[in-house]
2 protein chains.
Amino acid sequence: MKTEQLFSISELAAMFDISSRTIRYYEEVGLLSSESRESLTKQRTYTNHERRRLKLILRGKKLGFSLQEIKEMIDLYESNPEGEDEKNRIISFADQKIDEIEEQILQLQLLKADILAHKKKYLDSKD
Amino acid sequence: MKTEQLFSISELAAMFDISSRTIRYYEEVGLLSSESRESLTKQRTYTNHERRRLKLILRGKKLGFSLQEIKEMIDLYESNPEGEDEKNRIISFADQKIDEIEEQILQLQLLKADILAHKKKYLDSKD
DNA sequence: AATTAAGTAAACGTTAACGTCAACTAGGGG
DNA sequence: CCCCTAGTTGACGTTAACGTTTACTTAATT
């Protein structure tokens with residue numbers, strides 16, 4: 001049998017350098033869960049599954065996505081579509097997100113080029 | 001002589017599909033100016049210079065940067081450093097931003113790969 | 001068992017980035 | 001000159017994403 005390691009809320013918070021409040025907030029808005037909790041008033045415990053999920057959330061945040069967008073993307077990861085329609089809906093959502101991401105990458109490359117150009121300008125003006 | 005075209009605030013707003021209020025707010029926080037205004041109570045007019053600047057602001061927003069970060073980056077474009085120290089400070093700021101951008105691009109590529117993998121999973125489960 | 005540390009829910013506070021509304025002004029057409 | 005449209009400055013309202021505080025409970029330590 002497999003004994004999954006459990007984390008407390010402050011352990012998880014320390015791992016990612018965020019506050020406990022932030023984790024509770026993510027649960028409040030349905031981004032995270034702590035299923036392995038005995039009762040509603042008892043303390044939360046987290047498994048590796050939730051740790052990975054939190055990591056995904058924070059990556060999304062660093063990239064500038066809203067919690068709502070992040071929720072949609074992660075739900076995509078863990079959704080279990082029933083009919084063909086549902087699958088098609090998910091696949092086209094994925095395609096749409098991929099397009100957005102590619103556009104973002106493109107814009108970031110343009111921004112990088114801009115900054116490089118200006119940096120060069122200041123470098124050339126030295127001496 | 002060169003006659004620069006002038007735009008009203010609502011013309012500029014329409015161009016970029018934003019509100020006039022947004023433009024005034026950008027001026028309020030020092031991101032934008034309307035120098036070609038006669039007096040403080042008269043109407044604002046914008047030149048191509050400010051139009052380009054606004055375009056940069058909106059690109060930054062789409063990329064998830066805060067207005068404060070955007071301000072710092074654009075100020076970099078238009079700053080006119082005096083001493084060597086000032087130039088070096090600007091250049092190292094540029095380097096730092098470039099690092100951040102490269103990291104963002106990397107993370108976006110990972111996110112894209114993730115989504116592609118999950119899309120494939122759903123595709124394979126079809127039929 | 002008693003103290004201390006850590007966690008909980010609830011509620012109010014905060015900041016960025018605007019939206020909205022009110023009261024006033026400037027400028028052009030007829 | 002009058003009217004109408006577009007613009008102006010406050011000032012207060014709004015939403016997301018938490019921070020902070022309070023009063024209380026659960027878990028750990030001695």
# chains A, B, ... in the order shown; residues from 1 in each chain; ligands from 1
>>> select_by_dssp(residues="segment 33-79 of chain B", states="alpha helix (DSSP H)", output="compact mmCIF listing (two decimals) with all heavy atoms, in the first residue's frame")
# COMPACT_ATOMS: atom_id res chain seq x y z
N ASN B 48 1.00 61.71 -32.61
CA ASN B 48 1.38 60.32 -32.91
C ASN B 48 2.30 59.75 -31.85
O ASN B 48 2.27 58.55 -31.59
CB ASN B 48 2.07 60.26 -34.28
CG ASN B 48 1.06 60.07 -35.39
OD1 ASN B 48 0.25 59.13 -35.33
ND2 ASN B 48 1.07 60.94 -36.38
N HIS B 49 3.05 60.61 -31.24
CA HIS B 49 3.95 60.14 -30.20
C HIS B 49 3.19 59.50 -29.06
O HIS B 49 3.52 58.41 -28.58
CB HIS B 49 4.79 61.32 -29.68
CG HIS B 49 5.72 60.94 -28.59
ND1 HIS B 49 5.51 61.31 -27.27
CD2 HIS B 49 6.83 60.18 -28.59
CE1 HIS B 49 6.47 60.81 -26.52
NE2 HIS B 49 7.29 60.12 -27.29
N GLU B 50 2.13 60.18 -28.63
CA GLU B 50 1.33 59.64 -27.54
C GLU B 50 0.52 58.42 -27.97
O GLU B 50 0.26 57.52 -27.18
CB GLU B 50 0.40 60.71 -26.96
CG GLU B 50 1.12 61.66 -26.02
CD GLU B 50 1.15 63.09 -26.55
OE1 GLU B 50 0.31 63.41 -27.42
OE2 GLU B 50 2.02 63.86 -26.12
N ARG B 51 0.15 58.39 -29.24
CA ARG B 51 -0.56 57.23 -29.77
C ARG B 51 0.33 55.99 -29.69
O ARG B 51 -0.09 54.92 -29.26
CB ARG B 51 -0.99 57.50 -31.22
CG ARG B 51 -1.91 56.43 -31.79
CD ARG B 51 -2.29 56.76 -33.24
NE ARG B 51 -1.14 57.01 -34.09
CZ ARG B 51 -0.30 56.08 -34.52
NH1 ARG B 51 -0.49 54.81 -34.18
NH2 ARG B 51 0.72 56.39 -35.28
N ARG B 52 1.57 56.15 -30.08
CA ARG B 52 2.51 55.02 -30.00
C ARG B 52 2.73 54.60 -28.55
O ARG B 52 2.81 53.42 -28.24
CB ARG B 52 3.86 55.41 -30.63
CG ARG B 52 3.90 55.25 -32.14
CD ARG B 52 5.32 55.38 -32.68
NE ARG B 52 5.92 56.67 -32.36
CZ ARG B 52 5.78 57.76 -33.12
NH1 ARG B 52 5.06 57.70 -34.25
NH2 ARG B 52 6.34 58.90 -32.78
N ARG B 53 2.85 55.60 -27.70
CA ARG B 53 3.05 55.30 -26.29
C ARG B 53 1.88 54.53 -25.71
O ARG B 53 2.06 53.56 -24.97
CB ARG B 53 3.26 56.62 -25.51
CG ARG B 53 3.95 56.43 -24.19
CD ARG B 53 4.23 57.75 -23.50
NE ARG B 53 4.40 57.51 -22.08
CZ ARG B 53 5.57 57.52 -21.45
NH1 ARG B 53 6.67 57.79 -22.11
NH2 ARG B 53 5.64 57.27 -20.15
N LEU B 54 0.70 54.93 -26.07
CA LEU B 54 -0.50 54.23 -25.61
C LEU B 54 -0.50 52.78 -26.11
O LEU B 54 -0.88 51.85 -25.39
CB LEU B 54 -1.75 54.96 -26.08
CG LEU B 54 -3.09 54.39 -25.62
CD1 LEU B 54 -3.13 54.17 -24.12
CD2 LEU B 54 -4.24 55.29 -26.06
N LYS B 55 -0.07 52.60 -27.32
CA LYS B 55 0.01 51.25 -27.88
C LYS B 55 0.94 50.38 -27.05
O LYS B 55 0.64 49.21 -26.76
CB LYS B 55 0.51 51.34 -29.32
CG LYS B 55 0.27 50.09 -30.15
CD LYS B 55 0.62 50.35 -31.62
CE LYS B 55 0.40 49.13 -32.49
NZ LYS B 55 0.71 49.43 -33.91
N LEU B 56 2.05 50.95 -26.65
CA LEU B 56 2.99 50.21 -25.80
C LEU B 56 2.37 49.85 -24.46
O LEU B 56 2.55 48.75 -23.94
CB LEU B 56 4.25 51.05 -25.57
CG LEU B 56 5.17 51.24 -26.77
CD1 LEU B 56 6.37 52.10 -26.39
CD2 LEU B 56 5.63 49.90 -27.32
N ILE B 57 1.64 50.81 -23.90
CA ILE B 57 0.99 50.57 -22.61
C ILE B 57 0.04 49.39 -22.71
O ILE B 57 0.05 48.48 -21.87
CB ILE B 57 0.21 51.83 -22.16
CG1 ILE B 57 1.18 52.99 -21.91
CG2 ILE B 57 -0.61 51.54 -20.92
CD1 ILE B 57 0.49 54.31 -21.62
N LEU B 58 -0.76 49.39 -23.78
CA LEU B 58 -1.76 48.33 -23.92
C LEU B 58 -1.12 46.97 -24.19
O LEU B 58 -1.62 45.94 -23.74
CB LEU B 58 -2.76 48.71 -25.01
CG LEU B 58 -3.56 49.98 -24.67
CD1 LEU B 58 -4.49 50.34 -25.80
CD2 LEU B 58 -4.33 49.81 -23.37
N ARG B 59 -0.01 46.97 -24.90
CA ARG B 59 0.71 45.71 -25.09
C ARG B 59 1.16 45.17 -23.74
O ARG B 59 0.97 44.01 -23.43
CB ARG B 59 1.92 45.90 -26.00
CG ARG B 59 2.70 44.62 -26.16
CD ARG B 59 3.86 44.76 -27.13
NE ARG B 59 4.95 45.57 -26.57
CZ ARG B 59 6.07 45.86 -27.20
NH1 ARG B 59 6.24 45.43 -28.45
NH2 ARG B 59 7.00 46.58 -26.63
N GLY B 60 1.70 46.07 -22.94
CA GLY B 60 2.15 45.67 -21.61
C GLY B 60 1.02 45.10 -20.78
O GLY B 60 1.18 44.09 -20.11
N LYS B 61 -0.13 45.74 -20.86
CA LYS B 61 -1.29 45.25 -20.11
C LYS B 61 -1.69 43.86 -20.56
O LYS B 61 -1.97 42.98 -19.74
CB LYS B 61 -2.47 46.20 -20.31
CG LYS B 61 -2.35 47.46 -19.49
CD LYS B 61 -3.68 47.77 -18.83
CE LYS B 61 -4.09 46.66 -17.90
NZ LYS B 61 -5.45 46.83 -17.37
N LYS B 62 -1.74 43.64 -21.86
CA LYS B 62 -2.12 42.33 -22.38
C LYS B 62 -1.14 41.25 -21.91
O LYS B 62 -1.50 40.09 -21.80
CB LYS B 62 -2.16 42.36 -23.91
CG LYS B 62 -3.51 42.80 -24.46
CD LYS B 62 -3.55 42.81 -25.97
CE LYS B 62 -3.32 41.43 -26.60
NZ LYS B 62 -3.36 41.51 -28.09
N LEU B 67 0.56 48.61 -14.33
CA LEU B 67 0.82 49.92 -14.90
C LEU B 67 2.16 50.47 -14.40
O LEU B 67 2.87 51.16 -15.12
CB LEU B 67 -0.32 50.88 -14.56
CG LEU B 67 -1.67 50.54 -15.21
CD1 LEU B 67 -2.70 51.62 -14.90
CD2 LEU B 67 -1.53 50.34 -16.71
N GLN B 68 2.49 50.14 -13.16
CA GLN B 68 3.75 50.61 -12.60
C GLN B 68 4.95 50.02 -13.36
O GLN B 68 5.90 50.73 -13.72
CB GLN B 68 3.82 50.23 -11.11
CG GLN B 68 5.06 50.73 -10.40
CD GLN B 68 5.28 52.23 -10.58
OE1 GLN B 68 4.35 53.02 -10.47
NE2 GLN B 68 6.51 52.63 -10.90
N GLU B 69 4.88 48.72 -13.61
CA GLU B 69 5.96 48.07 -14.36
C GLU B 69 6.06 48.63 -15.77
O GLU B 69 7.15 48.87 -16.30
CB GLU B 69 5.70 46.56 -14.45
CG GLU B 69 5.92 45.81 -13.15
CD GLU B 69 5.51 44.35 -13.27
OE1 GLU B 69 4.35 44.07 -13.65
OE2 GLU B 69 6.35 43.48 -13.01
N ILE B 70 4.91 48.85 -16.37
CA ILE B 70 4.87 49.40 -17.72
C ILE B 70 5.52 50.77 -17.76
O ILE B 70 6.29 51.09 -18.66
CB ILE B 70 3.42 49.46 -18.22
CG1 ILE B 70 2.86 48.04 -18.38
CG2 ILE B 70 3.33 50.22 -19.52
CD1 ILE B 70 1.38 47.97 -18.65
N LYS B 71 5.20 51.56 -16.74
CA LYS B 71 5.77 52.90 -16.65
C LYS B 71 7.30 52.83 -16.62
O LYS B 71 7.99 53.57 -17.31
CB LYS B 71 5.24 53.59 -15.41
CG LYS B 71 5.73 55.02 -15.21
CD LYS B 71 4.86 55.72 -14.18
CE LYS B 71 5.57 56.94 -13.58
NZ LYS B 71 6.21 57.78 -14.61
N GLU B 72 7.80 51.91 -15.82
CA GLU B 72 9.25 51.78 -15.70
C GLU B 72 9.88 51.39 -17.04
O GLU B 72 10.94 51.90 -17.42
CB GLU B 72 9.60 50.74 -14.64
CG GLU B 72 9.34 51.22 -13.21
CD GLU B 72 9.48 50.10 -12.20
OE1 GLU B 72 9.91 48.99 -12.59
OE2 GLU B 72 9.15 50.32 -11.02
N MET B 73 9.21 50.48 -17.74
CA MET B 73 9.77 50.04 -19.02
C MET B 73 9.74 51.14 -20.06
O MET B 73 10.70 51.35 -20.80
CB MET B 73 9.01 48.80 -19.51
CG MET B 73 9.31 47.56 -18.69
SD MET B 73 8.71 46.03 -19.44
CE MET B 73 6.99 46.08 -19.01
N ILE B 74 8.62 51.87 -20.12
CA ILE B 74 8.51 52.92 -21.14
C ILE B 74 9.44 54.09 -20.80
O ILE B 74 10.02 54.71 -21.69
CB ILE B 74 7.05 53.38 -21.30
CG1 ILE B 74 6.20 52.19 -21.73
CG2 ILE B 74 6.97 54.50 -22.32
CD1 ILE B 74 4.79 52.56 -22.12
N ASP B 75 9.55 54.37 -19.51
CA ASP B 75 10.49 55.41 -19.12
C ASP B 75 11.89 55.05 -19.59
O ASP B 75 12.68 55.92 -19.97
CB ASP B 75 10.47 55.60 -17.60
CG ASP B 75 9.24 56.37 -17.15
OD1 ASP B 75 8.47 56.83 -18.02
OD2 ASP B 75 9.02 56.50 -15.94
N LEU B 76 12.17 53.77 -19.56
CA LEU B 76 13.46 53.29 -20.07
C LEU B 76 13.66 53.68 -21.53
O LEU B 76 14.74 54.11 -21.94
CB LEU B 76 13.51 51.76 -19.92
CG LEU B 76 14.54 50.98 -20.74
CD1 LEU B 76 15.93 51.17 -20.16
CD2 LEU B 76 14.19 49.50 -20.77
N TYR B 77 12.58 53.58 -22.31
CA TYR B 77 12.66 53.92 -23.73
C TYR B 77 13.01 55.38 -23.93
O TYR B 77 13.73 55.73 -24.85
CB TYR B 77 11.32 53.66 -24.42
CG TYR B 77 10.94 52.21 -24.57
CD1 TYR B 77 11.71 51.20 -24.02
CD2 TYR B 77 9.80 51.84 -25.27
CE1 TYR B 77 11.36 49.88 -24.14
CE2 TYR B 77 9.44 50.51 -25.41
CZ TYR B 77 10.22 49.53 -24.84
OH TYR B 77 9.86 48.23 -24.98
N GLU B 78 12.43 56.22 -23.09
CA GLU B 78 12.53 57.65 -23.36
C GLU B 78 13.46 58.39 -22.42
O GLU B 78 13.57 59.60 -22.48
CB GLU B 78 11.12 58.27 -23.29
CG GLU B 78 10.24 57.79 -24.44
CD GLU B 78 8.80 58.24 -24.31
OE1 GLU B 78 8.49 58.92 -23.33
OE2 GLU B 78 8.00 57.90 -25.20
>>> residues_around(residues="Glu11 of chain B", least_positions_apart="4", cutoff="12 Å", atoms="only C-alpha atoms (C1' of nucleotides)", output="VMD selection string")
(chain B and resid 5 to 7 15 to 20 23 44 to 47 51) or (chain D and resid 6)
>>> write_last_selection(atoms="C-alpha atoms (C1' of nucleotides)", output="compact mmCIF listing (two decimals), in the first residue's frame")
# COMPACT_ATOMS: atom_id res chain seq x y z
CA GLN B 5 -1.80 65.13 -36.89
CA LEU B 6 -3.71 65.69 -33.68
CA PHE B 7 -6.27 63.39 -32.08
CA MET B 15 -8.67 53.52 -32.00
CA PHE B 16 -7.73 51.18 -29.20
CA ASP B 17 -11.21 50.27 -28.03
CA ILE B 18 -10.78 51.68 -24.55
CA SER B 19 -12.63 54.43 -22.67
CA SER B 20 -11.70 58.07 -22.38
CA ILE B 23 -6.77 57.51 -21.02
CA ARG B 44 -6.62 67.34 -24.49
CA THR B 45 -5.03 66.69 -27.85
CA TYR B 46 -2.68 63.87 -28.70
CA THR B 47 0.05 63.46 -31.26
CA ARG B 51 -0.56 57.23 -29.77
C1' DA D 6 -17.81 66.45 -26.57
>>> interface_residues(of="chain B", to="chain D", cutoff="12 Å", atoms="only C-alpha atoms (C1' of nucleotides)", output="ChimeraX atom specification")
/B:8-11,20-21,24,28,39-45
>>> write_last_selection(atoms="N, CA, C and O atoms", output="tab-separated table (two decimals), in the first residue's frame")
chain	number	residue	atom	x	y	z
B	8	SER	N	-8.27	63.77	-30.80
B	8	SER	CA	-9.01	64.06	-29.56
B	8	SER	C	-8.98	62.81	-28.69
B	8	SER	O	-8.63	61.73	-29.14
B	9	ILE	N	-9.40	62.99	-27.45
B	9	ILE	CA	-9.35	61.87	-26.52
B	9	ILE	C	-10.26	60.72	-26.94
B	9	ILE	O	-9.90	59.55	-26.83
B	10	SER	N	-11.42	61.06	-27.50
B	10	SER	CA	-12.35	59.98	-27.87
B	10	SER	C	-11.91	59.31	-29.17
B	10	SER	O	-12.17	58.13	-29.39
B	11	GLU	N	-11.22	60.05	-30.00
B	11	GLU	CA	-10.66	59.43	-31.21
B	11	GLU	C	-9.62	58.38	-30.81
B	11	GLU	O	-9.64	57.24	-31.29
B	20	SER	N	-12.41	56.82	-22.61
B	20	SER	CA	-11.70	58.07	-22.38
B	20	SER	C	-11.20	58.13	-20.94
B	20	SER	O	-10.10	58.63	-20.67
B	21	ARG	N	-12.01	57.61	-20.07
B	21	ARG	CA	-11.64	57.57	-18.65
B	21	ARG	C	-10.30	56.87	-18.45
B	21	ARG	O	-9.46	57.31	-17.66
B	24	ARG	N	-7.52	59.19	-19.45
B	24	ARG	CA	-7.32	60.21	-18.42
B	24	ARG	C	-6.64	59.61	-17.19
B	24	ARG	O	-5.79	60.23	-16.56
B	28	GLU	N	-3.28	60.58	-15.30
B	28	GLU	CA	-3.32	60.84	-13.85
B	28	GLU	C	-2.16	60.15	-13.13
B	28	GLU	O	-1.57	60.70	-12.20
B	39	SER	N	-4.24	74.96	-21.95
B	39	SER	CA	-4.36	75.20	-20.52
B	39	SER	C	-4.88	73.95	-19.85
B	39	SER	O	-5.28	72.98	-20.50
B	40	LEU	N	-4.89	73.96	-18.51
B	40	LEU	CA	-5.28	72.77	-17.77
B	40	LEU	C	-6.75	72.42	-17.91
B	40	LEU	O	-7.14	71.27	-17.75
B	41	THR	N	-7.55	73.39	-18.24
B	41	THR	CA	-8.99	73.11	-18.35
B	41	THR	C	-9.43	72.87	-19.79
B	41	THR	O	-10.51	72.35	-20.03
B	42	LYS	N	-8.56	73.26	-20.73
B	42	LYS	CA	-8.88	73.04	-22.13
B	42	LYS	C	-8.86	71.55	-22.48
B	42	LYS	O	-8.38	70.72	-21.72
B	43	GLN	N	-9.34	71.26	-23.66
B	43	GLN	CA	-9.40	69.86	-24.08
B	43	GLN	C	-8.02	69.30	-24.46
B	43	GLN	O	-7.17	70.01	-24.98
B	44	ARG	N	-7.88	68.01	-24.20
B	44	ARG	CA	-6.62	67.34	-24.49
B	44	ARG	C	-6.50	67.03	-25.98
B	44	ARG	O	-7.49	66.69	-26.62
B	45	THR	N	-5.30	67.16	-26.49
B	45	THR	CA	-5.03	66.69	-27.85
B	45	THR	C	-3.79	65.82	-27.82
B	45	THR	O	-2.88	66.04	-27.03
>>> interface_residues(of="chain A", to="chain B", cutoff="7 Å", atoms="only C-alpha atoms", output="list in words")
Leu63, Gly64, Tyr77, Lys87, Ile91, Ala94, Ile98, Ile101, Gln104, Ile105, Leu108, Lys112, Ile115, His118, Lys119 and Tyr122 of chain A
>>> closest_residue(among="C:DA17, C:DA22, C:DA1, C:DC12", to="chain B", atoms="only C-alpha atoms (C1' of nucleotides)")
C:DA17
>>> atom_distance(atom1="atom CA of Asp124 of chain A", atom2="atom CA of Gln96 of chain B")
18.9 Å
>>> closest_atom_pairs(of="chain C", to="chain A", cutoff="10 Å", atoms="only C-alpha atoms (C1' of nucleotides)", output="Markdown table")
| residue | atom | partner | partner_atom | distance |
| --- | --- | --- | --- | --- |
| C:DA6 | C1' | A:Ser10 | CA | 8.6 |
| C:DG7 | C1' | A:Gln43 | CA | 6.0 |
| C:DT8 | C1' | A:Thr41 | CA | 6.5 |
| C:DA9 | C1' | A:Thr41 | CA | 8.6 |
>>> atom_distance(atom1="atom C1' of DT4 of chain C", atom2="atom CA of Glu35 of chain A")
28.4 Å
>>> atom_distance(atom1="atom C1' of DC18 of chain C", atom2="atom CA of Thr22 of chain B")
6.5 Å
>>> decode(residues="segment 29-40 of chain A", atoms="all heavy atoms", output="PDB file, in the first residue's frame")
ATOM      1  N   VAL A  29     -12.634  30.019  -3.427  1.00  0.00           N
ATOM      2  CA  VAL A  29     -13.107  30.282  -4.790  1.00  0.00           C
ATOM      3  C   VAL A  29     -13.077  29.035  -5.665  1.00  0.00           C
ATOM      4  O   VAL A  29     -13.242  29.113  -6.882  1.00  0.00           O
ATOM      5  CB  VAL A  29     -12.304  31.407  -5.464  1.00  0.00           C
ATOM      6  CG1 VAL A  29     -12.494  32.709  -4.694  1.00  0.00           C
ATOM      7  CG2 VAL A  29     -10.823  31.069  -5.552  1.00  0.00           C
ATOM      8  N   GLY A  30     -12.829  27.896  -5.053  1.00  0.00           N
ATOM      9  CA  GLY A  30     -12.940  26.642  -5.792  1.00  0.00           C
ATOM     10  C   GLY A  30     -11.734  26.265  -6.642  1.00  0.00           C
ATOM     11  O   GLY A  30     -11.826  25.439  -7.538  1.00  0.00           O
ATOM     12  N   LEU A  31     -10.603  26.864  -6.336  1.00  0.00           N
ATOM     13  CA  LEU A  31      -9.404  26.534  -7.100  1.00  0.00           C
ATOM     14  C   LEU A  31      -8.674  25.346  -6.499  1.00  0.00           C
ATOM     15  O   LEU A  31      -7.936  24.636  -7.182  1.00  0.00           O
ATOM     16  CB  LEU A  31      -8.442  27.726  -7.096  1.00  0.00           C
ATOM     17  CG  LEU A  31      -8.420  28.579  -8.333  1.00  0.00           C
ATOM     18  CD1 LEU A  31      -7.623  29.836  -8.078  1.00  0.00           C
ATOM     19  CD2 LEU A  31      -7.829  27.822  -9.498  1.00  0.00           C
ATOM     20  N   LEU A  32      -8.858  25.165  -5.224  1.00  0.00           N
ATOM     21  CA  LEU A  32      -8.115  24.147  -4.495  1.00  0.00           C
ATOM     22  C   LEU A  32      -9.089  23.453  -3.552  1.00  0.00           C
ATOM     23  O   LEU A  32     -10.095  24.011  -3.164  1.00  0.00           O
ATOM     24  CB  LEU A  32      -7.024  24.839  -3.677  1.00  0.00           C
ATOM     25  CG  LEU A  32      -5.708  24.114  -3.421  1.00  0.00           C
ATOM     26  CD1 LEU A  32      -5.052  23.711  -4.724  1.00  0.00           C
ATOM     27  CD2 LEU A  32      -4.784  25.012  -2.621  1.00  0.00           C
ATOM     28  N   SER A  33      -8.774  22.243  -3.171  1.00  0.00           N
ATOM     29  CA  SER A  33      -9.605  21.573  -2.182  1.00  0.00           C
ATOM     30  C   SER A  33      -8.686  20.878  -1.181  1.00  0.00           C
ATOM     31  O   SER A  33      -7.495  20.728  -1.411  1.00  0.00           O
ATOM     32  CB  SER A  33     -10.512  20.555  -2.854  1.00  0.00           C
ATOM     33  OG  SER A  33      -9.718  19.651  -3.590  1.00  0.00           O
ATOM     34  N   SER A  34      -9.246  20.515  -0.067  1.00  0.00           N
ATOM     35  CA  SER A  34      -8.492  19.739   0.908  1.00  0.00           C
ATOM     36  C   SER A  34      -9.420  18.591   1.308  1.00  0.00           C
ATOM     37  O   SER A  34     -10.009  18.592   2.369  1.00  0.00           O
ATOM     38  CB  SER A  34      -8.124  20.601   2.108  1.00  0.00           C
ATOM     39  OG  SER A  34      -9.269  21.300   2.559  1.00  0.00           O
ATOM     40  N   GLU A  35      -9.533  17.657   0.410  1.00  0.00           N
ATOM     41  CA  GLU A  35     -10.528  16.595   0.564  1.00  0.00           C
ATOM     42  C   GLU A  35     -10.245  15.706   1.761  1.00  0.00           C
ATOM     43  O   GLU A  35     -11.156  15.157   2.373  1.00  0.00           O
ATOM     44  CB  GLU A  35     -10.572  15.745  -0.706  1.00  0.00           C
ATOM     45  CG  GLU A  35     -10.972  16.583  -1.929  1.00  0.00           C
ATOM     46  CD  GLU A  35     -11.415  15.701  -3.091  1.00  0.00           C
ATOM     47  OE1 GLU A  35     -12.244  14.821  -2.877  1.00  0.00           O
ATOM     48  OE2 GLU A  35     -10.897  15.918  -4.211  1.00  0.00           O
ATOM     49  N   SER A  36      -8.987  15.570   2.063  1.00  0.00           N
ATOM     50  CA  SER A  36      -8.626  14.672   3.142  1.00  0.00           C
ATOM     51  C   SER A  36      -8.881  15.301   4.512  1.00  0.00           C
ATOM     52  O   SER A  36      -8.190  15.014   5.478  1.00  0.00           O
ATOM     53  CB  SER A  36      -7.151  14.280   3.000  1.00  0.00           C
ATOM     54  OG  SER A  36      -6.393  15.399   2.603  1.00  0.00           O
ATOM     55  N   ARG A  37      -9.873  16.164   4.582  1.00  0.00           N
ATOM     56  CA  ARG A  37     -10.194  16.776   5.861  1.00  0.00           C
ATOM     57  C   ARG A  37     -11.384  16.039   6.481  1.00  0.00           C
ATOM     58  O   ARG A  37     -12.409  15.832   5.843  1.00  0.00           O
ATOM     59  CB  ARG A  37     -10.529  18.254   5.665  1.00  0.00           C
ATOM     60  CG  ARG A  37     -10.873  18.969   6.948  1.00  0.00           C
ATOM     61  CD  ARG A  37     -10.545  20.429   6.885  1.00  0.00           C
ATOM     62  NE  ARG A  37     -11.456  21.199   6.040  1.00  0.00           N
ATOM     63  CZ  ARG A  37     -11.846  22.432   6.327  1.00  0.00           C
ATOM     64  NH1 ARG A  37     -11.404  23.035   7.404  1.00  0.00           N
ATOM     65  NH2 ARG A  37     -12.637  23.087   5.523  1.00  0.00           N
ATOM     66  N   GLU A  38     -11.252  15.654   7.749  1.00  0.00           N
ATOM     67  CA  GLU A  38     -12.288  14.851   8.397  1.00  0.00           C
ATOM     68  C   GLU A  38     -13.613  15.594   8.505  1.00  0.00           C
ATOM     69  O   GLU A  38     -14.635  15.150   8.006  1.00  0.00           O
ATOM     70  CB  GLU A  38     -11.819  14.425   9.795  1.00  0.00           C
ATOM     71  CG  GLU A  38     -10.549  13.584   9.762  1.00  0.00           C
ATOM     72  CD  GLU A  38     -10.045  13.292  11.167  1.00  0.00           C
ATOM     73  OE1 GLU A  38     -10.862  13.302  12.096  1.00  0.00           O
ATOM     74  OE2 GLU A  38      -8.825  13.065  11.319  1.00  0.00           O
ATOM     75  N   SER A  39     -13.588  16.754   9.135  1.00  0.00           N
ATOM     76  CA  SER A  39     -14.824  17.526   9.255  1.00  0.00           C
ATOM     77  C   SER A  39     -14.550  18.957   8.817  1.00  0.00           C
ATOM     78  O   SER A  39     -13.410  19.346   8.581  1.00  0.00           O
ATOM     79  CB  SER A  39     -15.340  17.493  10.691  1.00  0.00           C
ATOM     80  OG  SER A  39     -15.201  18.759  11.304  1.00  0.00           O
ATOM     81  N   LEU A  40     -15.589  19.736   8.715  1.00  0.00           N
ATOM     82  CA  LEU A  40     -15.461  21.105   8.206  1.00  0.00           C
ATOM     83  C   LEU A  40     -14.699  22.003   9.164  1.00  0.00           C
ATOM     84  O   LEU A  40     -14.120  23.006   8.762  1.00  0.00           O
ATOM     85  CB  LEU A  40     -16.850  21.690   7.948  1.00  0.00           C
ATOM     86  CG  LEU A  40     -17.338  21.542   6.512  1.00  0.00           C
ATOM     87  CD1 LEU A  40     -18.802  21.932   6.374  1.00  0.00           C
ATOM     88  CD2 LEU A  40     -16.482  22.411   5.586  1.00  0.00           C
TER      89      LEU A  40
END
